[in-house]
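Just structure.cif here, mmCIF, C-alpha atoms:
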data_data
#
loop_
_atom_site.label_atom_id
_atom_site.label_comp_id
_atom_site.auth_asym_id
_atom_site.auth_seq_id
_atom_site.Cartn_x
_atom_site.Cartn_y
_atom_site.Cartn_z
CA MET A 1 -67.66 7.12 -53.04
CA MET A 2 -65.12 6.03 -50.44
CA PRO A 3 -61.58 5.61 -51.77
CA ARG A 4 -60.20 2.11 -52.08
CA ASN A 5 -57.14 1.43 -49.94
CA GLU A 6 -55.31 -0.62 -52.55
CA PRO A 7 -51.54 -0.67 -53.11
CA LEU A 8 -50.11 1.02 -56.15
CA ALA A 9 -48.76 -1.33 -58.79
CA ARG A 10 -44.96 -1.46 -58.61
CA ASP A 11 -43.41 -1.22 -62.03
CA VAL A 12 -39.85 -1.04 -63.28
CA GLY A 13 -38.59 2.50 -63.85
CA HIS A 14 -40.72 5.61 -63.80
CA PRO A 15 -44.47 4.97 -64.20
CA LEU A 16 -44.94 7.64 -66.87
CA ALA A 17 -43.70 7.44 -70.43
CA HIS A 18 -44.26 10.43 -72.67
CA GLY A 19 -46.13 9.93 -75.89
CA GLY A 20 -47.47 12.14 -78.65
CA ALA A 21 -46.47 15.75 -79.25
CA ALA A 22 -44.08 17.36 -76.81
CA ARG A 23 -45.61 19.93 -74.47
CA GLU A 24 -44.09 23.26 -73.55
CA ARG A 25 -43.02 23.55 -69.93
CA ARG A 26 -44.15 26.76 -68.22
CA PHE A 27 -43.14 28.09 -64.82
CA TYR A 28 -45.50 29.38 -62.14
CA ARG A 29 -45.56 30.38 -58.46
CA ALA A 30 -48.16 29.20 -55.95
CA TYR A 31 -48.09 28.32 -52.24
CA GLY A 32 -44.48 29.47 -51.99
CA LEU A 33 -43.40 26.92 -54.63
CA THR A 34 -41.97 27.21 -58.12
CA ILE A 35 -43.96 24.87 -60.37
CA ALA A 36 -42.76 23.67 -63.78
CA SER A 37 -45.87 22.49 -65.61
CA GLU A 38 -46.69 20.90 -68.96
CA VAL A 39 -50.34 21.75 -68.24
CA LEU A 40 -51.32 25.32 -69.07
CA LEU A 41 -52.33 26.98 -65.79
CA PRO A 42 -53.38 30.61 -66.35
CA GLU A 43 -54.88 30.56 -62.85
CA LEU A 44 -51.35 30.74 -61.40
CA GLU A 45 -48.81 33.55 -61.33
CA PRO A 46 -46.16 33.09 -64.06
CA THR A 47 -42.49 33.26 -63.13
CA ALA A 48 -39.12 33.01 -64.87
CA PRO A 49 -37.68 29.54 -65.60
CA THR A 50 -35.62 28.28 -62.67
CA VAL A 51 -35.08 25.18 -60.57
CA ALA A 52 -38.57 23.87 -59.82
CA ASP A 53 -39.88 22.67 -56.47
CA VAL A 54 -42.65 20.73 -58.23
CA VAL A 55 -42.78 19.25 -61.74
CA ILE A 56 -46.09 18.55 -63.51
CA ALA A 57 -45.74 16.25 -66.52
CA VAL A 58 -48.26 14.83 -69.01
CA GLY A 59 -48.02 11.34 -70.49
CA THR A 60 -49.16 7.78 -69.85
CA ILE A 61 -49.48 6.39 -66.31
CA ASP A 62 -49.14 2.62 -66.18
CA LEU A 63 -51.77 2.09 -63.50
CA PRO A 64 -55.41 0.87 -63.78
CA LYS A 65 -57.99 3.53 -64.65
CA PRO A 66 -61.47 3.68 -63.11
CA SER A 67 -64.40 2.40 -65.14
CA PRO A 68 -67.26 4.77 -66.04
CA GLU A 69 -69.35 2.90 -63.48
CA ALA A 70 -66.82 3.33 -60.66
CA ALA A 71 -66.05 6.93 -61.76
CA THR A 72 -63.10 7.34 -59.34
CA ASP A 73 -60.14 5.41 -57.97
CA PHE A 74 -57.97 6.71 -55.10
CA ARG A 75 -54.93 4.81 -53.81
CA PHE A 76 -52.39 5.88 -51.22
CA GLU A 77 -48.89 4.93 -50.14
CA PRO A 78 -46.36 6.91 -48.09
CA ASP A 79 -44.38 7.96 -51.18
CA ARG A 80 -47.03 7.90 -53.91
CA GLN A 81 -50.70 8.89 -54.16
CA TYR A 82 -52.92 8.06 -57.11
CA LEU A 83 -56.18 9.89 -57.87
CA ALA A 84 -58.18 9.13 -60.99
CA TRP A 85 -61.48 10.42 -62.32
CA ASP A 86 -62.93 8.63 -65.34
CA ALA A 87 -64.25 11.89 -66.83
CA VAL A 88 -61.03 13.89 -66.34
CA GLY A 89 -57.93 11.72 -66.06
CA ALA A 90 -55.40 10.15 -63.72
CA PHE A 91 -52.93 11.93 -61.40
CA LEU A 92 -49.91 10.37 -59.68
CA ILE A 93 -48.14 12.34 -56.92
CA THR A 94 -44.62 11.17 -56.12
CA ASP A 95 -42.66 12.25 -53.02
CA GLY A 96 -44.47 15.61 -52.87
CA ARG A 97 -42.31 16.80 -55.77
CA ARG A 98 -43.86 15.49 -58.97
CA ILE A 99 -47.34 15.16 -60.43
CA ASP A 100 -47.77 12.93 -63.48
CA ILE A 101 -51.02 13.27 -65.42
CA GLU A 102 -52.73 11.11 -68.01
CA PRO A 103 -55.73 13.08 -69.30
CA ALA A 104 -58.90 11.24 -70.32
CA PRO A 105 -59.51 11.27 -74.09
CA GLY A 106 -60.62 14.66 -75.37
CA VAL A 107 -60.07 16.49 -72.07
CA ASP A 108 -58.37 19.89 -72.27
CA ASP A 109 -56.12 21.68 -69.79
CA ALA A 110 -58.94 23.86 -68.43
CA LEU A 111 -60.78 20.79 -67.11
CA ILE A 112 -57.59 19.07 -65.94
CA ALA A 113 -56.84 22.15 -63.83
CA PHE A 114 -59.96 21.69 -61.68
CA PRO A 115 -58.78 18.59 -59.79
CA LEU A 116 -55.11 19.48 -60.29
CA LEU A 117 -55.41 22.79 -58.42
CA GLY A 118 -57.87 21.31 -55.91
CA PRO A 119 -57.51 17.86 -54.33
CA VAL A 120 -54.32 16.88 -56.19
CA LEU A 121 -52.41 20.00 -55.17
CA ALA A 122 -53.88 19.77 -51.66
CA LEU A 123 -52.46 16.27 -51.22
CA LEU A 124 -49.08 17.36 -52.56
CA LEU A 125 -48.94 20.26 -50.07
CA HIS A 126 -49.96 17.87 -47.29
CA ARG A 127 -47.10 15.54 -48.25
CA ARG A 128 -44.72 18.50 -48.09
CA GLY A 129 -45.60 18.98 -44.41
CA LEU A 130 -48.23 21.74 -44.56
CA LEU A 131 -51.61 21.55 -42.85
CA VAL A 132 -54.21 21.90 -45.60
CA LEU A 133 -57.81 22.95 -44.98
CA HIS A 134 -60.78 22.90 -47.32
CA ALA A 135 -61.48 26.59 -46.84
CA SER A 136 -60.99 30.14 -48.12
CA ALA A 137 -58.75 32.78 -46.55
CA ILE A 138 -58.56 36.58 -46.61
CA ALA A 139 -55.83 38.98 -45.43
CA VAL A 140 -57.15 41.81 -43.26
CA ALA A 141 -54.65 44.53 -42.23
CA GLY A 142 -51.83 42.09 -41.45
CA ARG A 143 -54.19 39.52 -39.96
CA SER A 144 -56.28 36.80 -41.57
CA ALA A 145 -59.71 35.21 -41.63
CA ILE A 146 -60.15 31.56 -42.61
CA PHE A 147 -63.64 30.47 -43.65
CA MET A 148 -64.58 26.80 -43.25
CA GLY A 149 -67.96 25.12 -43.56
CA ASP A 150 -70.04 22.45 -45.21
CA LYS A 151 -70.72 22.54 -48.94
CA GLY A 152 -72.96 25.50 -49.72
CA ALA A 153 -72.18 27.31 -46.46
CA GLY A 154 -70.79 30.28 -48.39
CA LYS A 155 -67.01 30.12 -47.88
CA SER A 156 -66.10 31.65 -51.24
CA THR A 157 -69.08 34.00 -51.15
CA THR A 158 -68.07 35.42 -47.76
CA ALA A 159 -64.45 35.70 -48.92
CA SER A 160 -65.63 37.54 -52.04
CA ALA A 161 -67.63 40.00 -49.96
CA MET A 162 -64.50 40.65 -47.91
CA ILE A 163 -62.57 41.36 -51.13
CA ARG A 164 -65.28 43.77 -52.25
CA ALA A 165 -64.87 45.54 -48.89
CA GLY A 166 -61.21 46.21 -49.69
CA HIS A 167 -59.38 43.19 -48.28
CA ASP A 168 -57.08 40.79 -50.15
CA LEU A 169 -57.51 37.16 -51.10
CA LEU A 170 -54.94 34.74 -49.72
CA THR A 171 -56.34 31.54 -51.19
CA ASP A 172 -59.63 29.92 -52.16
CA ASP A 173 -60.63 26.27 -51.67
CA VAL A 174 -57.16 25.04 -50.62
CA VAL A 175 -55.76 26.78 -47.52
CA ALA A 176 -52.19 25.80 -46.62
CA LEU A 177 -50.67 26.56 -43.21
CA ASP A 178 -47.04 26.40 -42.16
CA LEU A 179 -46.88 25.35 -38.50
CA THR A 180 -43.09 25.36 -38.17
CA HIS A 181 -43.04 28.86 -36.63
CA PRO A 182 -43.24 28.60 -32.81
CA ASN A 183 -46.66 29.67 -31.53
CA GLN A 184 -47.52 31.38 -34.84
CA PRO A 185 -49.13 29.39 -37.66
CA MET A 186 -48.60 31.17 -40.98
CA LEU A 187 -50.94 31.19 -43.97
CA VAL A 188 -49.15 30.47 -47.24
CA PRO A 189 -50.67 32.46 -50.16
CA GLY A 190 -52.10 30.42 -53.02
CA PHE A 191 -53.02 32.14 -56.28
CA PRO A 192 -55.35 35.03 -57.26
CA GLN A 193 -58.49 33.15 -58.24
CA ILE A 194 -61.82 32.59 -56.54
CA LYS A 195 -64.74 30.42 -57.69
CA LEU A 196 -68.30 31.65 -57.35
CA ALA A 197 -71.77 30.33 -58.18
CA ALA A 198 -73.76 32.43 -60.65
CA ASP A 199 -76.03 34.07 -58.06
CA ALA A 200 -73.11 35.08 -55.84
CA ALA A 201 -71.13 36.36 -58.82
CA ALA A 202 -74.10 38.51 -59.88
CA ALA A 203 -74.46 39.99 -56.39
CA ILE A 204 -70.74 40.46 -55.68
CA SER A 205 -68.87 41.98 -58.61
CA PHE A 206 -65.12 42.52 -58.74
CA ARG A 207 -63.28 45.32 -60.42
CA ASP A 208 -60.48 44.21 -62.76
CA ALA A 209 -61.37 40.52 -62.57
CA GLU A 210 -61.33 38.13 -65.52
CA VAL A 211 -64.15 35.59 -65.63
CA ARG A 212 -62.72 32.49 -67.26
CA PRO A 213 -64.81 30.29 -69.61
CA GLN A 214 -66.78 27.47 -68.02
CA ALA A 215 -64.58 24.35 -68.10
CA HIS A 216 -67.48 21.87 -68.15
CA PRO A 217 -71.30 22.17 -68.12
CA ALA A 218 -71.47 20.15 -64.90
CA ILE A 219 -69.26 22.66 -63.05
CA ASP A 220 -71.60 25.34 -61.75
CA LYS A 221 -69.00 27.71 -60.30
CA MET A 222 -67.23 30.29 -62.44
CA GLN A 223 -63.55 31.10 -62.00
CA HIS A 224 -62.73 34.75 -61.31
CA ARG A 225 -59.05 35.55 -61.94
CA LEU A 226 -58.26 38.62 -59.83
CA ASN A 227 -56.00 41.40 -61.11
CA GLY A 228 -55.08 42.88 -57.75
CA ALA A 229 -56.78 42.27 -54.39
CA PHE A 230 -54.37 39.39 -53.72
CA SER A 231 -51.85 39.05 -50.90
CA GLY A 232 -48.64 37.39 -52.06
CA ASP A 233 -47.07 37.49 -48.58
CA ARG A 234 -47.44 35.03 -45.76
CA VAL A 235 -49.83 36.26 -43.07
CA PRO A 236 -50.26 35.02 -39.48
CA ALA A 237 -53.33 32.84 -39.02
CA SER A 238 -55.59 34.94 -36.79
CA ARG A 239 -59.09 33.51 -36.77
CA ILE A 240 -61.00 30.53 -38.14
CA TYR A 241 -64.71 31.02 -38.79
CA ILE A 242 -67.00 28.04 -39.27
CA LEU A 243 -69.88 29.28 -41.39
CA GLU A 244 -73.52 28.54 -40.72
CA ARG A 245 -76.73 30.18 -41.93
CA GLY A 246 -78.61 32.25 -39.39
CA GLU A 247 -81.17 34.97 -38.84
CA LYS A 248 -78.52 37.60 -38.09
CA ALA A 249 -74.74 37.97 -38.24
CA ASP A 250 -73.25 36.55 -35.06
CA ILE A 251 -69.88 35.22 -33.85
CA THR A 252 -69.57 32.64 -31.06
CA PRO A 253 -66.14 31.43 -29.89
CA LEU A 254 -65.79 27.64 -29.77
CA PRO A 255 -64.15 26.01 -26.75
CA GLY A 256 -61.02 23.98 -27.42
CA ILE A 257 -62.89 20.71 -27.05
CA ALA A 258 -65.04 21.70 -30.07
CA ALA A 259 -62.36 23.56 -32.04
CA LEU A 260 -60.10 20.55 -32.66
CA PRO A 261 -62.82 18.27 -34.14
CA ALA A 262 -63.92 21.13 -36.41
CA ILE A 263 -60.39 21.60 -37.78
CA ILE A 264 -60.01 17.86 -38.33
CA LYS A 265 -63.38 17.70 -40.10
CA PHE A 266 -62.48 20.43 -42.57
CA SER A 267 -58.87 19.42 -43.14
CA TYR A 268 -58.49 18.48 -46.79
CA VAL A 269 -56.88 15.07 -46.38
CA THR A 270 -59.75 13.69 -44.27
CA ARG A 271 -61.97 13.89 -47.35
CA PHE A 272 -60.17 10.77 -48.57
CA GLY A 273 -60.60 8.75 -45.38
CA ARG A 274 -58.08 6.95 -43.18
CA ALA A 275 -56.36 5.45 -46.22
CA ALA A 276 -54.83 8.85 -47.06
CA LEU A 277 -52.99 8.93 -43.71
CA PRO A 278 -50.65 5.92 -43.78
CA ASP A 279 -47.79 5.24 -41.38
CA ASP A 280 -46.78 8.34 -39.39
CA PHE A 281 -48.95 10.78 -41.34
CA ALA A 282 -52.00 10.25 -39.11
CA ALA A 283 -50.10 11.17 -35.93
CA MET A 284 -48.47 14.16 -37.65
CA HIS A 285 -51.83 15.36 -38.94
CA LEU A 286 -53.38 15.16 -35.47
CA ARG A 287 -50.48 17.15 -34.01
CA GLN A 288 -50.87 19.80 -36.70
CA CYS A 289 -54.62 20.16 -36.16
CA SER A 290 -54.13 20.32 -32.38
CA GLY A 291 -51.39 22.94 -32.75
CA LEU A 292 -53.63 25.11 -34.91
CA ALA A 293 -56.53 24.79 -32.46
CA ASN A 294 -54.24 25.81 -29.59
CA HIS A 295 -52.90 28.96 -31.27
CA VAL A 296 -55.75 30.29 -33.42
CA GLY A 297 -59.22 31.28 -32.24
CA VAL A 298 -61.99 29.17 -33.75
CA CYS A 299 -65.49 30.67 -33.90
CA ARG A 300 -68.91 29.85 -35.25
CA LEU A 301 -69.97 32.56 -37.69
CA GLU A 302 -73.65 32.89 -38.48
CA VAL A 303 -74.15 34.51 -41.88
CA PRO A 304 -77.61 36.00 -42.54
CA THR A 305 -79.58 34.21 -45.22
CA GLY A 306 -79.71 36.22 -48.43
CA LEU A 307 -76.84 37.71 -50.41
CA GLU A 308 -78.19 41.22 -49.84
CA ARG A 309 -77.21 40.89 -46.15
CA ILE A 310 -73.69 39.50 -46.60
CA ASP A 311 -72.12 42.86 -45.67
CA GLU A 312 -73.51 42.46 -42.15
CA ALA A 313 -71.21 39.47 -41.70
CA VAL A 314 -68.30 41.39 -43.26
CA ALA A 315 -68.66 44.26 -40.78
CA LEU A 316 -68.81 41.81 -37.87
CA ILE A 317 -65.67 39.99 -39.03
CA GLU A 318 -63.79 43.29 -39.36
CA ARG A 319 -64.77 44.32 -35.81
CA ASP A 320 -63.85 40.91 -34.42
CA LEU A 321 -60.38 40.93 -35.96
CA ALA A 322 -59.72 44.55 -34.95
CA ALA A 323 -60.70 43.81 -31.33
CA ASP A 324 -58.20 40.93 -31.13
CA VAL A 325 -55.08 42.95 -32.01
#
When written as structure tokens, how does the structure in this file appear?
Amino acid sequence: MMPRNEPLARDVGHPLAHGGAARERRFYRAYGLTIASEVLLPELEPTAPTVADVVIAVGTIDLPKPSPEAATDFRFEPDRQYLAWDAVGAFLITDGRRIDIEPAPGVDDALIAFPLLGPVLALLLHRRGLLVLHASAIAVAGRSAIFMGDKGAGKSTTASAMIRAGHDLLTDDVVALDLTHPNQPMLVPGFPQIKLAADAAAAISFRDAEVRPQAHPAIDKMQHRLNGAFSGDRVPASRIYILERGEKADITPLPGIAALPAIIKFSYVTRFGRAALPDDFAAMHLRQCSGLANHVGVCRLEVPTGLERIDEAVALIERDLAADV
């Protein structure tokens, strides 16, 4: 469903008023930020209490909620973004520094975390000036591989096969890039979790990984919390691979004229349409995508059909990155 470009209701004072039992505030690290959260987030790395870059609070948001028939409601302004799912709850991002949450009745933190650590966090990172891609990323000997592709292309599966081969996860689903370094986009590490469908999880097993309980029957991917095999340091963005299914593993460089549209297509904010890029954000986003296309090689990666052949793609990626040093 396309988001509705409606203004947010302007109310007096802060739009969230706490109600019910007080929640404990916990501190985490992700994407280079310290996050103080009233939502339990075991997916993230815990850290000592300190001044927070981002605050996540739970209470009541005084904005209209979507009906069961509409299912979702997305509204955007330069300083506030509102995302609501009837089955999960409502999320209000303010100034890239605060996320207020009103859970739907009966919803627990495990289900809240799915959109919170996906599209909600992606929009917050975008508002903080990072370029955010819907992708997965792996660190390979001081370099990096970013995997983009349509739904079902195998982004997380290919990343998982790379981890099994001895490389480290940088981030899954939400890839954030800092483009403030001249001529060198940097990948900002997320948190040590990767989501896999049941067949991929059965074929690609991790040592020392915790499989978290299924948050909802409708969510088919399982969360694998890695203990190790995670890079907590920023890594230069080296190569972007756009995944497609093929008869054999193959890499084909894309010319610049094709690379830029591909990056725009798989940037996270474009999932919400033009409404999510008000005022100067559209021009900034285009500059970021163009800068990435100019400094990072973009390739089409054909991955052989069948999980038993995924290591063929892994070996090809390793050779490609080693040859570009």
Legend entry - Output check: residues returned by the PyMOL selection byres ((chain A and resi 23-29) around 10), as a ChimeraX atom specification: /A:18,20-22,30-59,189-191,232
Legend entry - Gap from CA of Pro236 in chain A to CA of Arg207 in chain A - Å, one decimal: 26.7 Å
Legend entry - Selection dump of the PyMOL selection byres ((chain A and resi 314-318) around 12), as JSON, numbers by chain: {"A": [138, 139, 140, 141, 143, 144, 145, 146, 147, 157, 158, 159, 160, 161, 162, 163, 164, 165, 166, 167, 238, 239, 240, 241, 243, 248, 249, 250, 251, 252, 299, 300, 301, 302, 303, 304, 307, 308, 309, 310, 311, 312, 313, 319, 320, 321, 322, 323, 324, 325]}
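Coordinates place CA of Met148 in chain A at a distance of 14.8 Å from CA of Leu169 in chain A.
Take CA of Leu196 in chain A and CA of Ser156 in chain A: the distance between them is 6.5 Å.
In this comparison, which uses only C-alpha atoms, the residue of A:His224, A:Arg128, A:Arg287, A:Arg274 approaching Phe74 in chain A most closely is A:Arg274.
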Legend entry - Selection under test: the PyMOL selection byres ((chain A and resi 210-219) around 12); residues as number ranges by chain: A: 41-43, 87-88, 107-115, 192-198, 201-202, 205-209, 220-228
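Between Leu130 in chain A and the candidates A:Pro261, A:Phe281, A:Val235, A:Asp168, the tightest atom-to-atom separation, counting all atoms listed in the file, involves A:Phe281.
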Rebuild all heavy atoms on range 233-244 of chain A, as a JSON list (two decimals), keeping the file's coordinate frame?
[["chain", "number", "residue", "atom", "x", "y", "z"],
["A", 233, "ASP", "N", -47.94, 37.69, -49.75],
["A", 233, "ASP", "CA", -47.07, 37.49, -48.58],
["A", 233, "ASP", "C", -47.74, 36.57, -47.57],
["A", 233, "ASP", "O", -48.97, 36.54, -47.44],
["A", 233, "ASP", "CB", -46.75, 38.83, -47.90],
["A", 233, "ASP", "CG", -46.01, 39.78, -48.82],
["A", 233, "ASP", "OD1", -45.15, 39.30, -49.59],
["A", 233, "ASP", "OD2", -46.31, 40.99, -48.78],
["A", 234, "ARG", "N", -46.91, 35.85, -46.85],
["A", 234, "ARG", "CA", -47.44, 35.03, -45.76],
["A", 234, "ARG", "C", -48.03, 35.94, -44.68],
["A", 234, "ARG", "O", -47.51, 37.02, -44.39],
["A", 234, "ARG", "CB", -46.33, 34.17, -45.15],
["A", 234, "ARG", "CG", -45.82, 33.09, -46.10],
["A", 234, "ARG", "CD", -44.88, 32.15, -45.40],
["A", 234, "ARG", "NE", -44.49, 31.07, -46.31],
["A", 234, "ARG", "CZ", -44.14, 29.86, -45.90],
["A", 234, "ARG", "NH1", -44.12, 29.57, -44.62],
["A", 234, "ARG", "NH2", -43.79, 28.94, -46.77],
["A", 235, "VAL", "N", -49.12, 35.47, -44.07],
["A", 235, "VAL", "CA", -49.83, 36.26, -43.07],
["A", 235, "VAL", "C", -50.09, 35.35, -41.86],
["A", 235, "VAL", "O", -50.44, 34.18, -42.04],
["A", 235, "VAL", "CB", -51.17, 36.80, -43.63],
["A", 235, "VAL", "CG1", -51.94, 37.55, -42.56],
["A", 235, "VAL", "CG2", -50.92, 37.68, -44.84],
["A", 236, "PRO", "N", -49.93, 35.85, -40.65],
["A", 236, "PRO", "CA", -50.26, 35.02, -39.48],
["A", 236, "PRO", "C", -51.73, 34.57, -39.51],
["A", 236, "PRO", "O", -52.62, 35.34, -39.88],
["A", 236, "PRO", "CB", -50.00, 35.97, -38.30],
["A", 236, "PRO", "CG", -49.06, 36.99, -38.82],
["A", 236, "PRO", "CD", -49.41, 37.18, -40.27],
["A", 237, "ALA", "N", -51.96, 33.34, -39.12],
["A", 237, "ALA", "CA", -53.33, 32.84, -39.02],
["A", 237, "ALA", "C", -53.95, 33.42, -37.75],
["A", 237, "ALA", "O", -53.45, 33.20, -36.65],
["A", 237, "ALA", "CB", -53.33, 31.31, -38.96],
["A", 238, "SER", "N", -55.01, 34.20, -37.91],
["A", 238, "SER", "CA", -55.59, 34.94, -36.79],
["A", 238, "SER", "C", -56.89, 34.33, -36.28],
["A", 238, "SER", "O", -57.09, 34.21, -35.07],
["A", 238, "SER", "CB", -55.85, 36.40, -37.20],
["A", 238, "SER", "OG", -54.67, 37.00, -37.71],
["A", 239, "ARG", "N", -57.77, 33.98, -37.18],
["A", 239, "ARG", "CA", -59.09, 33.51, -36.77],
["A", 239, "ARG", "C", -59.64, 32.52, -37.79],
["A", 239, "ARG", "O", -59.49, 32.72, -39.00],
["A", 239, "ARG", "CB", -60.06, 34.68, -36.61],
["A", 239, "ARG", "CG", -61.42, 34.32, -36.04],
["A", 239, "ARG", "CD", -61.38, 34.15, -34.52],
["A", 239, "ARG", "NE", -61.50, 35.44, -33.85],
["A", 239, "ARG", "CZ", -60.58, 35.94, -33.04],
["A", 239, "ARG", "NH1", -59.45, 35.28, -32.83],
["A", 239, "ARG", "NH2", -60.75, 37.11, -32.44],
["A", 240, "ILE", "N", -60.28, 31.48, -37.29],
["A", 240, "ILE", "CA", -61.00, 30.53, -38.14],
["A", 240, "ILE", "C", -62.49, 30.69, -37.86],
["A", 240, "ILE", "O", -62.92, 30.65, -36.70],
["A", 240, "ILE", "CB", -60.56, 29.08, -37.84],
["A", 240, "ILE", "CG1", -59.09, 28.87, -38.23],
["A", 240, "ILE", "CG2", -61.45, 28.09, -38.60],
["A", 240, "ILE", "CD1", -58.54, 27.53, -37.81],
["A", 241, "TYR", "N", -63.25, 30.89, -38.92],
["A", 241, "TYR", "CA", -64.71, 31.02, -38.79],
["A", 241, "TYR", "C", -65.37, 29.82, -39.46],
["A", 241, "TYR", "O", -65.12, 29.54, -40.64],
["A", 241, "TYR", "CB", -65.19, 32.31, -39.46],
["A", 241, "TYR", "CG", -64.63, 33.57, -38.85],
["A", 241, "TYR", "CD1", -63.58, 34.25, -39.46],
["A", 241, "TYR", "CD2", -65.15, 34.09, -37.66],
["A", 241, "TYR", "CE1", -63.06, 35.42, -38.91],
["A", 241, "TYR", "CE2", -64.64, 35.26, -37.10],
["A", 241, "TYR", "CZ", -63.59, 35.91, -37.73],
["A", 241, "TYR", "OH", -63.08, 37.06, -37.18],
["A", 242, "ILE", "N", -66.22, 29.15, -38.72],
["A", 242, "ILE", "CA", -67.00, 28.04, -39.27],
["A", 242, "ILE", "C", -68.38, 28.59, -39.61],
["A", 242, "ILE", "O", -69.13, 29.02, -38.73],
["A", 242, "ILE", "CB", -67.10, 26.88, -38.27],
["A", 242, "ILE", "CG1", -65.69, 26.39, -37.92],
["A", 242, "ILE", "CG2", -67.93, 25.74, -38.86],
["A", 242, "ILE", "CD1", -65.66, 25.38, -36.81],
["A", 243, "LEU", "N", -68.69, 28.59, -40.90],
["A", 243, "LEU", "CA", -69.88, 29.28, -41.39],
["A", 243, "LEU", "C", -71.14, 28.44, -41.22],
["A", 243, "LEU", "O", -71.15, 27.24, -41.50],
["A", 243, "LEU", "CB", -69.71, 29.65, -42.86],
["A", 243, "LEU", "CG", -69.01, 31.00, -43.16],
["A", 243, "LEU", "CD1", -67.64, 31.05, -42.52],
["A", 243, "LEU", "CD2", -68.91, 31.23, -44.64],
["A", 244, "GLU", "N", -72.18, 29.11, -40.78],
["A", 244, "GLU", "CA", -73.52, 28.54, -40.72],
["A", 244, "GLU", "C", -74.51, 29.62, -41.12],
["A", 244, "GLU", "O", -74.24, 30.81, -40.99],
["A", 244, "GLU", "CB", -73.85, 28.03, -39.31],
["A", 244, "GLU", "CG", -72.95, 26.91, -38.82],
["A", 244, "GLU", "CD", -73.30, 26.46, -37.41],
["A", 244, "GLU", "OE1", -74.26, 27.04, -36.82],
["A", 244, "GLU", "OE2", -72.65, 25.55, -36.89]]
